[in-house]
Amino acid sequence: PDYDLVSEVLSKLDIHVKVMVRCREGDFIYSDKEMEEMLRSVKKFKSIGVKEIVFGALTNNNTIDLDALAQITTTANPMDVTFHKAIDVLDNPVEGVLQLIKNPGVTSILSSGGKPTAEEGAATLREMYALVKGKVQIIAAGKITHINCSHIEALTGVEAFHGRLIVGPL
């Protein structure tokens with residue numbers, strides 16, 4: 001997002017804000033130039049007081065791009081880093097979790113368990129949660145609303161959720 005908008009949000013809200021660092025839509029395979037752009041963004045967000053970013057990168061072989069991740073987490077330090085739903089593109093998201101927990105900069109993982117919805121990916125989310133409990137936070141995502149959030153929690157054991165309709169009517 002725009003730096004001025006992020007600054008305004010930070011100045012007006014007293015809640016934890018996570019800012020997406022992604023230079024374009026589409027896949028999660030980034031060129032060197034795109035990585036440079038995102039690293040500049042991370043530095044700028046850090047300079048304006050952002051405490052956490054969301055980022056995900058994959059290789060041409062459909063694995064987590066550990067080099068790109070290391071560059072981002074090193075640049076972001078001491079900001080927290082949530083690994084994006086890019087993990088859901090992997091053939092085996094659980095293997096991805098095992099890689100991510102080796103990077104101390106990754107503090108949470110956003111996932112729908114490799115499926116279109118968190119409910120469909122509940123078994124994988126439950127497995128991910130069991131692997132990382134106490135190390136990083138699993139944030140369930142994928143069609144979670146104020147209506148089904150408790151159900152997803154019961155299915156997965158996950159304690160953090162992401163969704164556009166999660167708060168219900170305001």
# chains A, B, ... in the order shown; residues from 1 in each chain; ligands from 1
$ select_by_dssp --residues "range 59-157 of chain A" --states "alpha helix (DSSP H)" --output "PyMOL selection string"
chain A and resi 66-76+93-100+122-132+149-156
$ write_last_selection --atoms "C-alpha atoms" --output "mmCIF file, in the first residue's frame"
data_model
loop_
_atom_site.group_PDB
_atom_site.id
_atom_site.type_symbol
_atom_site.label_atom_id
_atom_site.label_comp_id
_atom_site.auth_asym_id
_atom_site.auth_seq_id
_atom_site.Cartn_x
_atom_site.Cartn_y
_atom_site.Cartn_z
ATOM 1 C CA LEU A 66 14.400 -19.188 1.307
ATOM 2 C CA ASP A 67 16.897 -16.661 -0.085
ATOM 3 C CA ALA A 68 14.189 -14.063 -0.713
ATOM 4 C CA LEU A 69 12.715 -14.784 2.706
ATOM 5 C CA ALA A 70 16.102 -14.348 4.394
ATOM 6 C CA GLN A 71 16.620 -11.013 2.628
ATOM 7 C CA ILE A 72 13.207 -9.763 3.717
ATOM 8 C CA THR A 73 13.414 -10.948 7.326
ATOM 9 C CA THR A 74 16.943 -9.572 7.727
ATOM 10 C CA THR A 75 15.911 -6.197 6.313
ATOM 11 C CA ALA A 76 12.696 -6.177 8.340
ATOM 12 C CA PRO A 93 2.166 -26.769 2.845
ATOM 13 C CA VAL A 94 3.186 -28.717 5.966
ATOM 14 C CA GLU A 95 6.709 -29.167 4.557
ATOM 15 C CA GLY A 96 6.721 -25.416 3.944
ATOM 16 C CA VAL A 97 5.919 -24.796 7.598
ATOM 17 C CA LEU A 98 8.895 -26.921 8.604
ATOM 18 C CA GLN A 99 11.117 -24.672 6.465
ATOM 19 C CA LEU A 100 9.580 -21.451 7.746
ATOM 20 C CA ALA A 122 -8.882 -27.726 8.338
ATOM 21 C CA ALA A 123 -6.961 -31.002 8.664
ATOM 22 C CA THR A 124 -3.800 -29.432 7.237
ATOM 23 C CA LEU A 125 -4.229 -26.325 9.391
ATOM 24 C CA ARG A 126 -4.564 -28.572 12.437
ATOM 25 C CA GLU A 127 -1.343 -30.377 11.441
ATOM 26 C CA MET A 128 0.475 -27.079 10.878
ATOM 27 C CA TYR A 129 -0.691 -25.772 14.231
ATOM 28 C CA ALA A 130 0.513 -28.909 16.012
ATOM 29 C CA LEU A 131 3.958 -28.520 14.409
ATOM 30 C CA VAL A 132 4.484 -24.877 15.307
ATOM 31 C CA CYS A 149 -15.038 -18.532 12.962
ATOM 32 C CA SER A 150 -15.870 -20.620 16.057
ATOM 33 C CA HIS A 151 -16.426 -23.661 13.851
ATOM 34 C CA ILE A 152 -13.027 -23.188 12.158
ATOM 35 C CA GLU A 153 -11.406 -22.796 15.571
ATOM 36 C CA ALA A 154 -12.980 -26.063 16.752
ATOM 37 C CA LEU A 155 -11.843 -27.889 13.588
ATOM 38 C CA THR A 156 -8.253 -26.621 13.635
#
$ residues_around --residues "Gln137 in chain A" --least-positions-apart "5" --cutoff "10 Å" --atoms "only C-alpha atoms" --output "PyMOL selection string"
chain A and resi 82+106-110+128-129+132+158-160
$ residues_around --residues "range 2-10 of chain A" --least-positions-apart "5" --cutoff "8 Å" --atoms "only C-alpha atoms" --output "MDAnalysis selection string"
chainID A and resid 17 19 44:45 48:50
$ residues_around --residues "range 60-62 of chain A" --least-positions-apart "4" --cutoff "10 Å" --atoms "only C-alpha atoms" --output "count of residues only"
9
$ atom_distance --atom1 "CA of Lys12 in chain A" --atom2 "CA of Ala140 in chain A"
26.9 Å
$ select_by_dssp --residues "chain A" --states "strand (DSSP E or B)" --output "PyMOL selection string"
chain A and resi 18-20+52-55+58+64+80-83+106-111+137-141+145+160-162+165
$ decode --residues "range 21-47 of chain A" --atoms "N, CA and C atoms" --output "PDB file, in the first residue's frame"
ATOM      1  N   VAL A  21       3.686  -6.661   1.853  1.00  0.00           N
ATOM      2  CA  VAL A  21       4.792  -6.264   0.978  1.00  0.00           C
ATOM      3  C   VAL A  21       4.741  -7.187  -0.224  1.00  0.00           C
ATOM      4  N   ARG A  22       4.226  -6.642  -1.300  1.00  0.00           N
ATOM      5  CA  ARG A  22       4.073  -7.407  -2.537  1.00  0.00           C
ATOM      6  C   ARG A  22       4.031  -6.410  -3.676  1.00  0.00           C
ATOM      7  N   CYS A  23       4.895  -6.553  -4.649  1.00  0.00           N
ATOM      8  CA  CYS A  23       5.032  -5.541  -5.695  1.00  0.00           C
ATOM      9  C   CYS A  23       4.036  -5.699  -6.839  1.00  0.00           C
ATOM     10  N   ARG A  24       3.338  -6.822  -6.864  1.00  0.00           N
ATOM     11  CA  ARG A  24       2.391  -7.049  -7.963  1.00  0.00           C
ATOM     12  C   ARG A  24       1.483  -8.217  -7.634  1.00  0.00           C
ATOM     13  N   GLU A  25       0.405  -8.319  -8.388  1.00  0.00           N
ATOM     14  CA  GLU A  25      -0.470  -9.484  -8.279  1.00  0.00           C
ATOM     15  C   GLU A  25       0.152 -10.637  -9.056  1.00  0.00           C
ATOM     16  N   GLY A  26      -0.473 -11.801  -8.957  1.00  0.00           N
ATOM     17  CA  GLY A  26      -0.002 -12.948  -9.727  1.00  0.00           C
ATOM     18  C   GLY A  26       0.746 -13.930  -8.857  1.00  0.00           C
ATOM     19  N   ASP A  27       1.752 -14.548  -9.457  1.00  0.00           N
ATOM     20  CA  ASP A  27       2.489 -15.580  -8.732  1.00  0.00           C
ATOM     21  C   ASP A  27       3.408 -14.956  -7.683  1.00  0.00           C
ATOM     22  N   PHE A  28       4.113 -15.800  -6.976  1.00  0.00           N
ATOM     23  CA  PHE A  28       4.992 -15.364  -5.896  1.00  0.00           C
ATOM     24  C   PHE A  28       6.463 -15.578  -6.244  1.00  0.00           C
ATOM     25  N   ILE A  29       6.757 -15.615  -7.544  1.00  0.00           N
ATOM     26  CA  ILE A  29       8.123 -15.782  -8.023  1.00  0.00           C
ATOM     27  C   ILE A  29       8.605 -14.410  -8.469  1.00  0.00           C
ATOM     28  N   TYR A  30       9.602 -13.877  -7.764  1.00  0.00           N
ATOM     29  CA  TYR A  30      10.018 -12.500  -7.983  1.00  0.00           C
ATOM     30  C   TYR A  30      11.391 -12.412  -8.632  1.00  0.00           C
ATOM     31  N   SER A  31      11.525 -11.430  -9.522  1.00  0.00           N
ATOM     32  CA  SER A  31      12.815 -11.147 -10.148  1.00  0.00           C
ATOM     33  C   SER A  31      13.693 -10.394  -9.146  1.00  0.00           C
ATOM     34  N   ASP A  32      14.976 -10.260  -9.483  1.00  0.00           N
ATOM     35  CA  ASP A  32      15.889  -9.492  -8.634  1.00  0.00           C
ATOM     36  C   ASP A  32      15.411  -8.050  -8.505  1.00  0.00           C
ATOM     37  N   LYS A  33      14.934  -7.484  -9.585  1.00  0.00           N
ATOM     38  CA  LYS A  33      14.447  -6.095  -9.567  1.00  0.00           C
ATOM     39  C   LYS A  33      13.225  -5.971  -8.648  1.00  0.00           C
ATOM     40  N   GLU A  34      12.326  -6.931  -8.716  1.00  0.00           N
ATOM     41  CA  GLU A  34      11.152  -6.906  -7.839  1.00  0.00           C
ATOM     42  C   GLU A  34      11.548  -7.058  -6.377  1.00  0.00           C
ATOM     43  N   MET A  35      12.524  -7.908  -6.111  1.00  0.00           N
ATOM     44  CA  MET A  35      13.000  -8.061  -4.741  1.00  0.00           C
ATOM     45  C   MET A  35      13.613  -6.749  -4.227  1.00  0.00           C
ATOM     46  N   GLU A  36      14.379  -6.076  -5.068  1.00  0.00           N
ATOM     47  CA  GLU A  36      14.948  -4.795  -4.665  1.00  0.00           C
ATOM     48  C   GLU A  36      13.847  -3.796  -4.311  1.00  0.00           C
ATOM     49  N   GLU A  37      12.795  -3.779  -5.110  1.00  0.00           N
ATOM     50  CA  GLU A  37      11.663  -2.891  -4.849  1.00  0.00           C
ATOM     51  C   GLU A  37      11.002  -3.224  -3.504  1.00  0.00           C
ATOM     52  N   MET A  38      10.813  -4.509  -3.236  1.00  0.00           N
ATOM     53  CA  MET A  38      10.167  -4.901  -1.980  1.00  0.00           C
ATOM     54  C   MET A  38      11.077  -4.639  -0.784  1.00  0.00           C
ATOM     55  N   LEU A  39      12.370  -4.818  -0.940  1.00  0.00           N
ATOM     56  CA  LEU A  39      13.302  -4.506   0.143  1.00  0.00           C
ATOM     57  C   LEU A  39      13.279  -3.011   0.461  1.00  0.00           C
ATOM     58  N   ARG A  40      13.178  -2.168  -0.573  1.00  0.00           N
ATOM     59  CA  ARG A  40      13.035  -0.722  -0.342  1.00  0.00           C
ATOM     60  C   ARG A  40      11.740  -0.441   0.421  1.00  0.00           C
ATOM     61  N   SER A  41      10.673  -1.142   0.049  1.00  0.00           N
ATOM     62  CA  SER A  41       9.390  -0.963   0.739  1.00  0.00           C
ATOM     63  C   SER A  41       9.499  -1.339   2.204  1.00  0.00           C
ATOM     64  N   VAL A  42      10.152  -2.448   2.485  1.00  0.00           N
ATOM     65  CA  VAL A  42      10.323  -2.884   3.871  1.00  0.00           C
ATOM     66  C   VAL A  42      11.054  -1.803   4.669  1.00  0.00           C
ATOM     67  N   LYS A  43      12.132  -1.264   4.108  1.00  0.00           N
ATOM     68  CA  LYS A  43      12.887  -0.213   4.801  1.00  0.00           C
ATOM     69  C   LYS A  43      12.013   1.007   5.061  1.00  0.00           C
ATOM     70  N   LYS A  44      11.229   1.392   4.070  1.00  0.00           N
ATOM     71  CA  LYS A  44      10.351   2.557   4.211  1.00  0.00           C
ATOM     72  C   LYS A  44       9.285   2.289   5.273  1.00  0.00           C
ATOM     73  N   PHE A  45       8.658   1.129   5.222  1.00  0.00           N
ATOM     74  CA  PHE A  45       7.638   0.812   6.221  1.00  0.00           C
ATOM     75  C   PHE A  45       8.240   0.794   7.630  1.00  0.00           C
ATOM     76  N   LYS A  46       9.423   0.251   7.747  1.00  0.00           N
ATOM     77  CA  LYS A  46      10.087   0.229   9.053  1.00  0.00           C
ATOM     78  C   LYS A  46      10.324   1.659   9.532  1.00  0.00           C
ATOM     79  N   SER A  47      10.732   2.540   8.635  1.00  0.00           N
ATOM     80  CA  SER A  47      11.052   3.921   9.014  1.00  0.00           C
ATOM     81  C   SER A  47       9.820   4.715   9.451  1.00  0.00           C
TER      82      SER A  47
END
